[in-house]
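Below is the file work.tsv, which contains TSV, C-alpha atoms.
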```
chain	number	residue	atom	x	y	z
J	1	MET	CA	-26.13	-65.15	-0.45
J	2	SER	CA	-26.37	-62.31	-2.94
J	3	THR	CA	-25.99	-63.32	-6.58
J	4	ASP	CA	-23.07	-60.90	-6.79
J	5	THR	CA	-20.36	-62.59	-4.74
J	6	THR	CA	-17.60	-60.24	-5.91
J	7	ASP	CA	-18.63	-56.85	-4.57
J	8	ALA	CA	-22.22	-56.15	-3.56
J	9	ARG	CA	-21.51	-52.67	-2.19
J	10	LYS	CA	-23.45	-49.65	-3.41
J	11	ILE	CA	-21.12	-47.06	-1.88
J	12	ASP	CA	-17.63	-46.45	-3.23
J	13	ARG	CA	-15.61	-44.71	-0.53
J	14	GLY	CA	-12.38	-44.97	-2.49
J	15	GLU	CA	-10.71	-46.70	0.45
J	16	GLU	CA	-8.11	-49.41	0.28
J	17	LEU	CA	-9.53	-52.61	1.73
J	18	GLY	CA	-7.34	-55.29	3.23
J	19	GLY	CA	-3.63	-54.62	3.38
J	20	CYS	CA	-1.67	-53.88	6.52
J	21	PRO	CA	-3.87	-53.93	9.66
J	22	VAL	CA	-2.11	-50.87	11.12
J	23	SER	CA	-0.02	-48.28	9.27
J	24	ARG	CA	1.06	-44.68	9.78
J	25	GLY	CA	0.03	-42.26	7.06
J	26	ALA	CA	2.11	-39.42	5.68
J	27	ASP	CA	0.08	-36.99	7.81
J	28	GLY	CA	1.01	-38.85	11.00
J	29	VAL	CA	-2.41	-40.43	11.49
J	30	TRP	CA	-2.43	-44.16	12.22
J	31	LEU	CA	-4.75	-46.00	9.82
J	32	VAL	CA	-6.42	-49.11	11.21
J	33	ARG	CA	-7.87	-51.58	8.71
J	34	GLY	CA	-7.66	-54.79	10.73
J	35	HIS	CA	-10.66	-55.87	12.80
J	36	ALA	CA	-8.63	-56.99	15.83
J	37	ALA	CA	-6.61	-53.77	15.82
J	38	ALA	CA	-9.78	-51.68	15.56
J	39	ARG	CA	-11.33	-53.45	18.52
J	40	ALA	CA	-8.17	-52.97	20.57
J	41	ALA	CA	-8.03	-49.25	19.75
J	42	LEU	CA	-11.70	-48.60	20.50
J	43	ARG	CA	-11.67	-50.59	23.73
J	44	SER	CA	-8.41	-49.16	25.06
J	45	THR	CA	-8.64	-47.03	28.20
J	46	ASP	CA	-5.64	-45.12	26.83
J	47	THR	CA	-7.56	-43.55	23.94
J	48	VAL	CA	-10.11	-40.73	23.92
J	49	GLN	CA	-12.55	-39.38	21.37
J	50	ALA	CA	-11.04	-37.50	18.43
J	51	GLY	CA	-12.61	-35.91	15.38
J	52	LEU	CA	-16.31	-34.97	15.27
J	53	GLY	CA	-15.41	-31.43	16.29
J	54	VAL	CA	-13.94	-32.46	19.65
J	55	GLU	CA	-11.14	-29.91	19.26
J	56	THR	CA	-13.73	-27.10	19.18
J	57	VAL	CA	-15.64	-28.53	22.14
J	58	GLU	CA	-12.45	-28.66	24.20
J	59	LYS	CA	-12.22	-24.86	23.91
J	60	MET	CA	-15.56	-24.39	25.68
J	61	PRO	CA	-15.43	-22.92	29.22
J	62	GLY	CA	-14.69	-25.59	31.80
J	63	LYS	CA	-17.92	-24.93	33.70
J	64	ILE	CA	-20.00	-26.06	30.71
J	65	ARG	CA	-20.62	-29.78	30.70
J	66	ARG	CA	-19.63	-31.47	27.43
J	67	PRO	CA	-22.10	-33.72	25.60
J	68	VAL	CA	-21.51	-37.40	26.38
J	69	LEU	CA	-20.06	-37.97	22.90
J	70	TYR	CA	-17.08	-35.77	23.86
J	71	ARG	CA	-16.44	-37.16	27.34
J	72	ASP	CA	-14.21	-40.03	28.39
J	73	GLY	CA	-13.16	-41.77	31.57
J	74	PRO	CA	-15.18	-42.51	34.74
J	75	GLU	CA	-17.70	-39.69	34.20
J	76	HIS	CA	-18.51	-40.95	30.73
J	77	ARG	CA	-18.82	-44.55	31.86
J	78	GLU	CA	-21.16	-43.59	34.70
J	79	HIS	CA	-23.39	-41.58	32.38
J	80	ARG	CA	-23.60	-44.49	29.95
J	81	ARG	CA	-24.41	-46.87	32.81
J	82	GLN	CA	-27.27	-44.69	34.04
J	83	THR	CA	-28.80	-44.13	30.59
J	84	ALA	CA	-28.40	-47.70	29.33
J	85	LYS	CA	-31.96	-48.47	30.48
J	86	TYR	CA	-33.36	-46.36	27.64
J	87	PHE	CA	-31.76	-48.59	25.00
J	88	THR	CA	-32.13	-52.19	26.17
J	89	PRO	CA	-33.82	-54.60	23.71
J	90	ARG	CA	-36.79	-54.97	26.04
J	91	ARG	CA	-37.20	-51.22	26.49
J	92	VAL	CA	-36.94	-50.64	22.74
J	93	ASP	CA	-39.56	-53.29	22.03
J	94	GLU	CA	-42.01	-52.20	24.73
J	95	ALA	CA	-41.64	-48.43	24.60
J	96	TYR	CA	-40.78	-47.61	20.99
J	97	ARG	CA	-42.11	-50.36	18.70
J	98	GLY	CA	-45.62	-48.90	18.83
J	99	ILE	CA	-44.31	-45.47	17.85
J	100	MET	CA	-42.31	-46.98	15.00
J	101	GLU	CA	-45.34	-48.82	13.64
J	102	ARG	CA	-47.68	-45.85	13.99
J	103	VAL	CA	-45.35	-43.37	12.27
J	104	THR	CA	-44.45	-45.88	9.55
J	105	ASP	CA	-48.13	-46.39	8.80
J	106	GLU	CA	-48.63	-42.62	8.62
J	107	GLN	CA	-45.73	-42.16	6.21
J	108	LEU	CA	-46.69	-45.08	3.98
J	109	ALA	CA	-50.23	-43.70	3.83
J	110	LYS	CA	-48.69	-40.70	2.05
J	111	LEU	CA	-47.08	-43.05	-0.45
J	112	ARG	CA	-50.35	-44.86	-1.06
J	113	HIS	CA	-52.21	-41.56	-1.49
J	114	GLN	CA	-49.69	-39.97	-3.88
J	115	GLY	CA	-48.54	-43.12	-5.64
J	116	HIS	CA	-44.88	-42.12	-5.22
J	117	ALA	CA	-42.66	-40.43	-2.62
J	118	GLN	CA	-39.11	-39.51	-1.72
J	119	LEU	CA	-37.91	-42.31	0.54
J	120	SER	CA	-35.51	-40.01	2.40
J	121	GLU	CA	-38.44	-37.84	3.49
J	122	LEU	CA	-40.55	-40.77	4.70
J	123	SER	CA	-37.68	-42.33	6.62
J	124	PHE	CA	-36.56	-39.01	8.09
J	125	ALA	CA	-40.02	-38.41	9.54
J	126	LEU	CA	-39.85	-41.82	11.20
J	127	SER	CA	-36.34	-41.38	12.59
J	128	ILE	CA	-37.25	-37.95	14.00
J	129	ASP	CA	-40.33	-39.16	15.86
J	130	VAL	CA	-38.56	-42.19	17.32
J	131	ALA	CA	-35.49	-40.23	18.44
J	132	CYS	CA	-37.70	-37.51	19.92
J	133	ALA	CA	-39.53	-40.11	22.00
J	134	VAL	CA	-36.25	-41.46	23.36
J	135	ILE	CA	-34.80	-38.02	24.04
J	136	GLY	CA	-37.99	-36.35	25.26
J	137	LEU	CA	-38.44	-33.74	22.52
J	138	THR	CA	-42.20	-34.13	22.52
J	139	GLU	CA	-43.35	-30.51	22.82
J	140	SER	CA	-41.76	-29.23	19.62
J	141	ARG	CA	-43.41	-26.60	17.51
J	142	PRO	CA	-44.15	-27.47	13.87
J	143	GLY	CA	-41.18	-27.58	11.51
J	144	LEU	CA	-38.65	-29.74	13.38
J	145	ALA	CA	-37.72	-31.67	10.22
J	146	GLN	CA	-36.91	-28.43	8.40
J	147	ARG	CA	-34.88	-27.14	11.33
J	148	LEU	CA	-32.84	-30.34	11.41
J	149	GLU	CA	-32.33	-30.28	7.65
J	150	ARG	CA	-30.88	-26.78	7.99
J	151	PHE	CA	-28.67	-27.88	10.85
J	152	PHE	CA	-27.39	-30.98	9.00
J	153	PRO	CA	-27.33	-29.85	5.34
J	154	GLU	CA	-26.08	-31.97	2.45
J	155	GLU	CA	-23.11	-29.59	2.02
J	156	PHE	CA	-21.73	-28.40	5.33
J	157	GLY	CA	-19.10	-25.93	4.24
J	158	GLU	CA	-16.30	-24.81	6.53
J	159	PRO	CA	-16.49	-22.37	9.45
J	160	GLY	CA	-14.07	-19.48	9.71
J	161	PHE	CA	-13.60	-15.79	10.40
J	162	THR	CA	-11.35	-14.93	7.44
J	163	SER	CA	-13.81	-15.28	4.56
J	164	ILE	CA	-17.38	-14.36	3.70
J	165	ASN	CA	-18.32	-18.03	3.30
J	166	GLY	CA	-16.75	-18.95	6.62
J	167	LEU	CA	-18.50	-16.12	8.45
J	168	TYR	CA	-21.79	-17.08	6.83
J	169	TRP	CA	-21.33	-20.67	8.08
J	170	VAL	CA	-20.79	-19.44	11.65
J	171	TRP	CA	-23.79	-17.11	11.48
J	172	ARG	CA	-26.03	-19.79	9.97
J	173	GLN	CA	-25.16	-22.45	12.53
J	174	ALA	CA	-25.61	-20.02	15.44
J	175	ARG	CA	-29.04	-19.20	14.07
J	176	ASN	CA	-29.85	-22.92	13.71
J	177	TRP	CA	-28.76	-23.66	17.28
J	178	SER	CA	-30.99	-20.85	18.50
J	179	SER	CA	-33.95	-22.05	16.45
J	180	ILE	CA	-33.76	-25.62	17.75
J	181	PHE	CA	-33.33	-24.39	21.31
J	182	LEU	CA	-36.32	-22.04	21.20
J	183	ASN	CA	-38.68	-24.29	19.26
J	184	ASP	CA	-37.77	-27.74	20.51
J	185	VAL	CA	-35.50	-27.97	23.53
J	186	ARG	CA	-36.83	-25.16	25.72
J	187	PRO	CA	-40.49	-26.32	25.54
J	188	ALA	CA	-39.42	-29.87	26.41
J	189	VAL	CA	-37.26	-28.70	29.32
J	190	ARG	CA	-40.05	-26.51	30.70
J	191	ALA	CA	-42.52	-29.40	30.60
J	192	ARG	CA	-40.10	-31.71	32.40
J	193	ARG	CA	-39.15	-29.16	35.02
J	194	ALA	CA	-42.82	-29.14	35.92
J	195	GLN	CA	-43.15	-32.93	35.79
J	196	ARG	CA	-40.40	-35.46	35.13
J	197	ARG	CA	-40.94	-38.25	32.61
J	198	ASP	CA	-39.09	-41.43	31.72
J	199	ASP	CA	-36.79	-40.00	29.06
J	200	LEU	CA	-33.30	-38.63	28.54
J	201	ILE	CA	-34.12	-34.94	29.13
J	202	SER	CA	-35.66	-35.77	32.51
J	203	HIS	CA	-32.53	-37.72	33.42
J	204	LEU	CA	-30.32	-34.80	32.42
J	205	LEU	CA	-32.37	-32.42	34.54
J	206	ASP	CA	-31.96	-34.77	37.50
J	207	GLU	CA	-28.21	-34.57	36.91
J	208	GLY	CA	-28.38	-30.78	37.19
J	209	CYS	CA	-27.81	-29.95	33.52
J	210	SER	CA	-28.70	-26.49	32.27
J	211	ALA	CA	-30.96	-25.95	29.27
J	212	ALA	CA	-27.92	-25.04	27.16
J	213	GLU	CA	-26.16	-28.27	28.14
J	214	ILE	CA	-29.29	-30.26	27.32
J	215	LEU	CA	-29.34	-28.57	23.91
J	216	GLY	CA	-25.85	-29.96	23.24
J	217	GLU	CA	-26.93	-33.46	24.18
J	218	CYS	CA	-30.06	-33.21	22.03
J	219	ILE	CA	-28.07	-32.14	18.97
J	220	THR	CA	-25.66	-35.03	19.53
J	221	PHE	CA	-28.48	-37.56	19.79
J	222	ALA	CA	-30.20	-36.00	16.78
J	223	ALA	CA	-27.13	-36.65	14.65
J	224	ALA	CA	-26.75	-40.20	15.97
J	225	GLY	CA	-30.40	-41.21	16.14
J	226	MET	CA	-32.02	-39.36	13.28
J	227	ILE	CA	-29.46	-38.66	10.57
J	228	THR	CA	-27.63	-42.00	10.51
J	229	THR	CA	-30.79	-44.11	10.79
J	230	ARG	CA	-32.34	-42.34	7.82
J	231	GLU	CA	-29.29	-43.13	5.73
J	232	PHE	CA	-29.31	-46.79	6.71
J	233	ILE	CA	-33.01	-47.18	5.91
J	234	ASN	CA	-32.38	-45.77	2.43
J	235	LEU	CA	-29.28	-47.88	1.89
J	236	SER	CA	-31.07	-51.09	2.93
J	237	ALA	CA	-34.05	-50.31	0.72
J	238	TRP	CA	-31.69	-49.71	-2.21
J	239	HIS	CA	-30.12	-53.13	-1.73
J	240	LEU	CA	-33.50	-54.86	-1.45
J	241	PHE	CA	-34.95	-53.11	-4.48
J	242	THR	CA	-32.00	-54.22	-6.64
J	243	ASP	CA	-31.47	-57.78	-5.35
J	244	ASP	CA	-34.52	-59.94	-6.08
J	245	ALA	CA	-33.29	-62.97	-4.16
J	246	LEU	CA	-32.41	-60.95	-1.08
J	247	ARG	CA	-35.71	-59.08	-1.18
J	248	GLU	CA	-37.71	-62.32	-1.44
J	249	ARG	CA	-35.76	-63.76	1.45
J	250	TYR	CA	-36.36	-60.64	3.54
J	251	GLN	CA	-40.09	-60.60	2.80
J	252	ALA	CA	-40.52	-64.28	3.69
J	253	ALA	CA	-38.40	-64.18	6.85
J	254	GLU	CA	-39.40	-63.82	10.48
J	255	GLU	CA	-38.04	-60.84	12.41
J	256	PRO	CA	-34.78	-62.47	13.67
J	257	GLU	CA	-33.73	-63.39	10.14
J	258	ARG	CA	-34.73	-59.99	8.77
J	259	ILE	CA	-32.57	-58.33	11.41
J	260	ALA	CA	-29.69	-60.64	10.47
J	261	ILE	CA	-30.02	-59.41	6.89
J	262	LEU	CA	-29.95	-55.79	8.05
J	263	HIS	CA	-26.90	-56.44	10.23
J	264	GLU	CA	-25.11	-57.90	7.21
J	265	LEU	CA	-25.98	-54.91	5.04
J	266	LEU	CA	-24.71	-52.59	7.78
J	267	ARG	CA	-21.48	-54.57	8.05
J	268	LEU	CA	-20.96	-54.21	4.32
J	269	GLU	CA	-22.04	-50.54	4.13
J	270	PRO	CA	-21.43	-48.82	7.50
J	271	VAL	CA	-23.06	-45.40	7.72
J	272	VAL	CA	-20.06	-43.94	9.56
J	273	GLY	CA	-16.84	-44.81	7.77
J	274	HIS	CA	-14.26	-43.42	10.21
J	275	LEU	CA	-13.93	-43.59	14.00
J	276	LYS	CA	-11.08	-41.52	15.38
J	277	ARG	CA	-9.31	-41.74	18.72
J	278	ARG	CA	-6.31	-39.97	20.25
J	279	ALA	CA	-3.83	-41.98	22.30
J	280	THR	CA	-3.26	-40.62	25.82
J	281	ALA	CA	-0.49	-43.17	26.45
J	282	PRO	CA	1.33	-45.66	24.21
J	283	VAL	CA	-1.28	-48.02	22.74
J	284	GLU	CA	-0.36	-51.47	21.47
J	285	LEU	CA	-2.33	-52.79	18.50
J	286	PRO	CA	-2.08	-56.21	16.81
J	287	GLY	CA	-0.38	-55.93	13.44
J	288	GLU	CA	0.62	-58.45	10.80
J	289	ASP	CA	1.92	-61.97	11.52
J	290	GLY	CA	1.51	-61.69	15.27
J	291	GLU	CA	3.56	-58.53	15.55
J	292	THR	CA	2.53	-55.62	17.79
J	293	VAL	CA	2.41	-52.01	16.65
J	294	THR	CA	2.77	-49.25	19.26
J	295	VAL	CA	0.98	-45.95	18.70
J	296	PRO	CA	2.75	-43.19	20.68
J	297	ALA	CA	0.85	-40.98	23.11
J	298	GLY	CA	-0.74	-37.93	21.54
J	299	GLU	CA	-1.17	-39.39	18.07
J	300	VAL	CA	-4.46	-39.97	16.26
J	301	ILE	CA	-5.86	-43.36	15.31
J	302	ASP	CA	-8.30	-43.54	12.40
J	303	VAL	CA	-10.36	-46.74	12.37
J	304	GLN	CA	-11.51	-47.26	8.79
J	305	VAL	CA	-14.74	-49.11	9.45
J	306	SER	CA	-15.34	-50.27	5.88
J	307	ALA	CA	-11.98	-52.02	5.88
J	308	THR	CA	-12.27	-53.55	9.35
J	309	ASN	CA	-15.73	-54.89	8.49
J	310	THR	CA	-14.32	-56.72	5.47
J	311	ASP	CA	-11.29	-58.23	7.21
J	312	GLN	CA	-11.43	-61.89	6.19
J	313	ARG	CA	-9.70	-62.93	9.39
J	314	ALA	CA	-12.81	-61.80	11.29
J	315	VAL	CA	-15.74	-62.13	8.87
J	316	GLY	CA	-14.66	-65.06	6.70
J	317	GLU	CA	-14.61	-65.61	2.96
J	318	GLN	CA	-16.21	-63.36	0.36
J	319	PRO	CA	-16.26	-60.34	2.70
J	320	LEU	CA	-17.77	-58.08	0.00
J	321	ALA	CA	-20.79	-60.32	-0.54
J	322	VAL	CA	-24.13	-60.12	1.27
J	323	CYS	CA	-24.32	-63.30	3.35
J	324	PRO	CA	-26.53	-62.95	6.46
J	325	ALA	CA	-25.66	-66.47	7.65
J	326	ARG	CA	-21.90	-66.03	7.30
J	327	PRO	CA	-19.91	-67.78	10.05
J	328	LEU	CA	-18.09	-65.09	12.01
J	329	THR	CA	-14.76	-66.09	13.50
J	330	ASP	CA	-13.93	-62.98	15.50
J	331	ALA	CA	-16.61	-60.33	14.98
J	332	THR	CA	-20.19	-59.40	15.79
J	333	ALA	CA	-22.82	-59.40	13.04
J	334	PRO	CA	-22.60	-55.69	12.06
J	335	GLY	CA	-18.83	-55.56	12.56
J	336	MET	CA	-17.62	-52.19	13.84
J	337	SER	CA	-20.56	-50.28	12.30
J	338	PHE	CA	-21.87	-49.30	15.74
J	339	GLY	CA	-18.36	-48.77	17.08
J	340	ASP	CA	-16.97	-50.60	20.08
J	341	GLY	CA	-15.72	-49.88	23.56
J	342	ALA	CA	-16.81	-46.97	25.73
J	343	HIS	CA	-18.30	-44.99	22.82
J	344	LYS	CA	-20.19	-47.85	21.17
J	345	CYS	CA	-23.50	-46.55	19.85
J	346	PRO	CA	-26.12	-46.97	22.60
J	347	GLY	CA	-29.02	-46.78	20.14
J	348	SER	CA	-28.11	-49.78	17.99
J	349	ASN	CA	-31.22	-51.72	19.03
J	350	VAL	CA	-33.40	-48.71	18.22
J	351	ALA	CA	-31.86	-48.19	14.78
J	352	ILE	CA	-32.13	-51.81	13.65
J	353	LEU	CA	-35.70	-52.36	14.87
J	354	GLU	CA	-36.79	-49.02	13.41
J	355	THR	CA	-35.30	-49.97	10.05
J	356	ASP	CA	-36.95	-53.39	10.08
J	357	VAL	CA	-40.38	-52.05	11.04
J	358	PHE	CA	-40.26	-49.53	8.20
J	359	LEU	CA	-38.88	-51.82	5.50
J	360	SER	CA	-41.05	-54.82	6.35
J	361	LYS	CA	-44.14	-52.63	5.96
J	362	LEU	CA	-42.79	-50.90	2.86
J	363	PHE	CA	-42.05	-54.14	1.00
J	364	ALA	CA	-45.41	-55.59	2.02
J	365	LEU	CA	-47.12	-52.96	-0.16
J	366	PRO	CA	-48.40	-54.51	-3.40
J	367	GLY	CA	-46.52	-53.27	-6.45
J	368	VAL	CA	-43.93	-51.23	-4.57
J	369	GLY	CA	-40.85	-50.42	-6.63
J	370	MET	CA	-38.00	-47.96	-7.04
J	371	ARG	CA	-38.61	-45.38	-9.73
J	372	THR	CA	-35.35	-43.46	-9.25
J	373	PRO	CA	-32.16	-44.65	-7.50
J	374	PRO	CA	-30.63	-42.37	-4.90
J	375	ARG	CA	-28.00	-39.72	-5.46
J	376	VAL	CA	-24.92	-40.47	-3.35
J	377	SER	CA	-22.83	-37.81	-1.64
J	378	MET	CA	-20.23	-38.17	1.08
J	379	ASN	CA	-19.70	-36.46	4.41
J	380	GLU	CA	-15.93	-36.38	4.47
J	381	ALA	CA	-15.73	-35.63	8.19
J	382	ILE	CA	-16.99	-39.10	9.12
J	383	GLY	CA	-16.61	-40.90	5.79
J	384	GLY	CA	-20.36	-41.31	5.77
J	385	TYR	CA	-22.78	-41.50	2.88
J	386	GLU	CA	-25.90	-39.43	2.30
J	387	LEU	CA	-28.59	-40.77	-0.02
J	388	ARG	CA	-31.13	-38.40	-1.53
J	389	GLY	CA	-33.53	-38.49	-4.43
J	390	MET	CA	-34.64	-42.14	-4.21
J	391	VAL	CA	-38.24	-42.19	-5.42
J	392	VAL	CA	-40.40	-45.17	-4.55
J	393	GLU	CA	-43.70	-45.82	-6.26
J	394	LEU	CA	-46.69	-48.12	-6.28
J	395	GLN	CA	-47.12	-49.64	-9.73
```

Just give me the structure as structure tokens.
Amino acid sequence: MSTDTTDARKIDRGEELGGCPVSRGADGVWLVRGHAAARAALRSTDTVQAGLGVETVEKMPGKIRRPVLYRDGPEHREHRRQTAKYFTPRRVDEAYRGIMERVTDEQLAKLRHQGHAQLSELSFALSIDVACAVIGLTESRPGLAQRLERFFPEEFGEPGFTSINGLYWVWRQARNWSSIFLNDVRPAVRARRAQRRDDLISHLLDEGCSAAEILGECITFAAAGMITTREFINLSAWHLFTDDALRERYQAAEEPERIAILHELLRLEPVVGHLKRRATAPVELPGEDGETVTVPAGEVIDVQVSATNTDQRAVGEQPLAVCPARPLTDATAPGMSFGDGAHKCPGSNVAILETDVFLSKLFALPGVGMRTPPRVSMNEAIGGYELRGMVVELQ
């Protein structure tokens, strides 16, 4: 267990932890802080995706297929069933471990050569290459990292047509969409139209998707597979650099125990802090003292992942401590950090193995240390953290 048994978190989201499992906020949104209530909401067949720009996507012409993130019901379940083969533990180990190790070695060679490096840059290069292998973006022209950085900037701004800043946001994002399509998606689609491969783009072509629809899926997977994994690698490294006992345990452990440590860090510090759903019919959620709370149809449910992951009824005592061997009474190791139900993150096995491959090699370097801690900013749309400026060095 971490030496700090009070609160080992690095990220302060300003959220209330504990308290009522389900409550209705002044804005009419139902706040879920209890683990059992969160699981019920996310698994319910009477809820659909909300937030993440779904309202904008719903305005698209009906003939355009929505990315899987924004679909629900039988069509969504069938798509997930057909693509599950790309994310099984065996597939991840056999198809992607070699890529993870090769790219990690390449990035750490830069650290050894320079003596220091920005960890966010090293980890981003890794997460890009791994996600591209899964998706099928393997014919990209140089500069993909820069294109993605422009598409997912530290400060997003707000779109709109009533201000200069809003118009600039719309223009910039349209330009970014076009750049990624021309330089990354179109070359990959052309190559797979000529000869299918065992990847997501080939599967989408077999389903009859257009190049524009494939672009939407690629952007969705880029956000899920590249952006969030980079943040978790940086967060885990930060914990290990500043907790000697935990770092020594991680370095001495075999892979299963290392992964247990990473799961515990993810439970404590989920990358995505909010998961939103809209009720399509009355949804019953477990409240306090055995009571049931009914969320009316049409209203929004906001699962506050940080709170649900520290619900003592599910994760046991000292929920804010790092304890990889904690006995779980009613939860999985990373809590709700990968979501649950129909929209549970399919790439969880990829993200955890990728993080472990990178960090186990990083901390095996003699004299590796953290010169500068990261700068923390928040993405308010998902309650997620972004860590930049962490400099690692070889002493």

- Pick the closest to J:Arg375 from J:Glu231, J:Arg141, J:Val48, J:Gln114: which is it, counting all atoms listed in the file?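 Checking each of J:Glu231, J:Arg141, J:Val48, J:Gln114 against J:Arg375, counting all atoms listed in the file, the winner is J:Glu231.
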
- When distances are computed from all atoms listed in the file, which of J:Leu148, J:Val272, J:Val350, J:Val283 shows the smallest separation from J:Val130?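 Answer, going by the shortest atom-to-atom distance: J:Val350.
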
- Message: Here is a test: counting all atoms listed in the file, which residue of J:Asp72, J:Glu288, J:Glu78, J:Glu269 is nearest to J:Asn309?
- Response: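 Checking each candidate against J:Asn309, we get J:Glu269 as the closest.
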
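Computed from the coordinates, the atom CA of J:Ile382 to atom CA of J:Ile259 distance equals 24.9 Å.
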
- Task: Go through J:Gly316, J:Met370, J:Gln395, J:Ile261 one by one, measure the shortest atom-to-atom distance of each to J:Pro334 using only C-alpha atoms, and give the residue with the smallest value.
- Result: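 For J:Pro334, the nearest of the given residues is J:Ile261.
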
- Query: So how far away is atom CA of J:Thr88 from atom CA of J:Phe363, in Å?
  - Reply: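 So the two atoms, atom CA of J:Phe363 and atom CA of J:Thr88, lie 27.1 Å apart.
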
- Note on the structure: Residue with the minimum atom-to-atom distance to J:Arg112, picked from J:Leu362, J:Thr47, J:Glu149, J:Thr372 with all atoms listed in the file counted, is J:Leu362

- Suppose you want the space between atom CA of J:Cys20 and atom CA of J:Ala325; what is it in Å?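 These atoms are spaced 27.1 Å apart.
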
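Closest approach to J:Cys132 among J:Leu119, J:Leu200, J:Leu275, J:Ile11: J:Leu200, based on only C-alpha atoms.
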
- Considering only C-alpha atoms, return as a list of chain:residue names whatever protein or nucleic-acid residues lie within 8 Å of J:Val295, sequence-local ones (same chain, fewer than 2 positions apart) excluded. J:Trp30, J:Ala279, J:Pro282, J:Val283, J:Glu284, J:Leu285, J:Val293, J:Ala297, J:Glu299

- Exercise: stretch 236-238 of chain J partners within 8 Å, all atoms listed in the file, chain neighbours under 5 positions left out, as an NGL selection string: :J and (262 or 265 or 359 or 373-374)

The selected residues should be written to file as an mmCIF file, keeping the file's coordinate frame (atoms: C-alpha atoms).
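This went into out-v6.cif:
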```cif
data_model
loop_
_atom_site.group_PDB
_atom_site.id
_atom_site.type_symbol
_atom_site.label_atom_id
_atom_site.label_comp_id
_atom_site.auth_asym_id
_atom_site.auth_seq_id
_atom_site.Cartn_x
_atom_site.Cartn_y
_atom_site.Cartn_z
ATOM 1 C CA LEU J 262 -29.950 -55.790 8.050
ATOM 2 C CA LEU J 265 -25.980 -54.910 5.040
ATOM 3 C CA LEU J 359 -38.880 -51.820 5.500
ATOM 4 C CA PRO J 373 -32.160 -44.650 -7.500
ATOM 5 C CA PRO J 374 -30.630 -42.370 -4.900
#
```

- Message: Is it possible to get the residues within 10 Å of (-23.4, -46.1, 30.7) (coordinates as in the file, counting all atoms listed in the file) written as a list in words?
- Response: Val68, Pro74, Glu75, His76, Arg77, Glu78, His79, Arg80, Arg81, Gln82, Thr83, Ala84, Lys85, Ala342, His343 and Pro346 of chain J

How would the residues just chosen look if you wrote them out with C-alpha atoms as a PDB file, keeping the file's coordinate frame?
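Once everything was written out, this is result_19.pdb:
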```
ATOM      1  CA  VAL J  68     -21.510 -37.400  26.380  1.00  0.00           C
ATOM      2  CA  PRO J  74     -15.180 -42.510  34.740  1.00  0.00           C
ATOM      3  CA  GLU J  75     -17.700 -39.690  34.200  1.00  0.00           C
ATOM      4  CA  HIS J  76     -18.510 -40.950  30.730  1.00  0.00           C
ATOM      5  CA  ARG J  77     -18.820 -44.550  31.860  1.00  0.00           C
ATOM      6  CA  GLU J  78     -21.160 -43.590  34.700  1.00  0.00           C
ATOM      7  CA  HIS J  79     -23.390 -41.580  32.380  1.00  0.00           C
ATOM      8  CA  ARG J  80     -23.600 -44.490  29.950  1.00  0.00           C
ATOM      9  CA  ARG J  81     -24.410 -46.870  32.810  1.00  0.00           C
ATOM     10  CA  GLN J  82     -27.270 -44.690  34.040  1.00  0.00           C
ATOM     11  CA  THR J  83     -28.800 -44.130  30.590  1.00  0.00           C
ATOM     12  CA  ALA J  84     -28.400 -47.700  29.330  1.00  0.00           C
ATOM     13  CA  LYS J  85     -31.960 -48.470  30.480  1.00  0.00           C
ATOM     14  CA  ALA J 342     -16.810 -46.970  25.730  1.00  0.00           C
ATOM     15  CA  HIS J 343     -18.300 -44.990  22.820  1.00  0.00           C
ATOM     16  CA  PRO J 346     -26.120 -46.970  22.600  1.00  0.00           C
TER      17      PRO J 346
END
```

List the spatial neighbours of J:Ala188 as a PDB file with C-alpha atoms, in the frame of the given file - criterion: any atom at most 8 Å away, only C-alpha atoms, same-chain residues fewer than 5 positions off excluded.
```pdb
ATOM      1  CA  GLY J 136     -37.990 -36.350  25.260  1.00  0.00           C
ATOM      2  CA  LEU J 137     -38.440 -33.740  22.520  1.00  0.00           C
ATOM      3  CA  THR J 138     -42.200 -34.130  22.520  1.00  0.00           C
ATOM      4  CA  GLU J 139     -43.350 -30.510  22.820  1.00  0.00           C
ATOM      5  CA  SER J 140     -41.760 -29.230  19.620  1.00  0.00           C
ATOM      6  CA  ILE J 201     -34.120 -34.940  29.130  1.00  0.00           C
TER       7      ILE J 201
END
```

N, CA and C atoms for stretch 327-331 of chain J, written as a tab-separated table (two decimals), in the coordinates of the input, could you do that?
```
chain	number	residue	atom	x	y	z
J	327	PRO	N	-20.51	-67.41	8.76
J	327	PRO	CA	-19.91	-67.78	10.05
J	327	PRO	C	-18.85	-66.76	10.43
J	328	LEU	N	-19.02	-66.12	11.56
J	328	LEU	CA	-18.09	-65.09	12.01
J	328	LEU	C	-17.07	-65.71	12.95
J	329	THR	N	-15.80	-65.50	12.67
J	329	THR	CA	-14.76	-66.09	13.50
J	329	THR	C	-14.35	-65.19	14.65
J	330	ASP	N	-14.42	-63.87	14.45
J	330	ASP	CA	-13.93	-62.98	15.50
J	330	ASP	C	-14.59	-61.61	15.40
J	331	ALA	N	-15.91	-61.60	15.15
J	331	ALA	CA	-16.61	-60.33	14.98
J	331	ALA	C	-18.08	-60.50	15.35
```
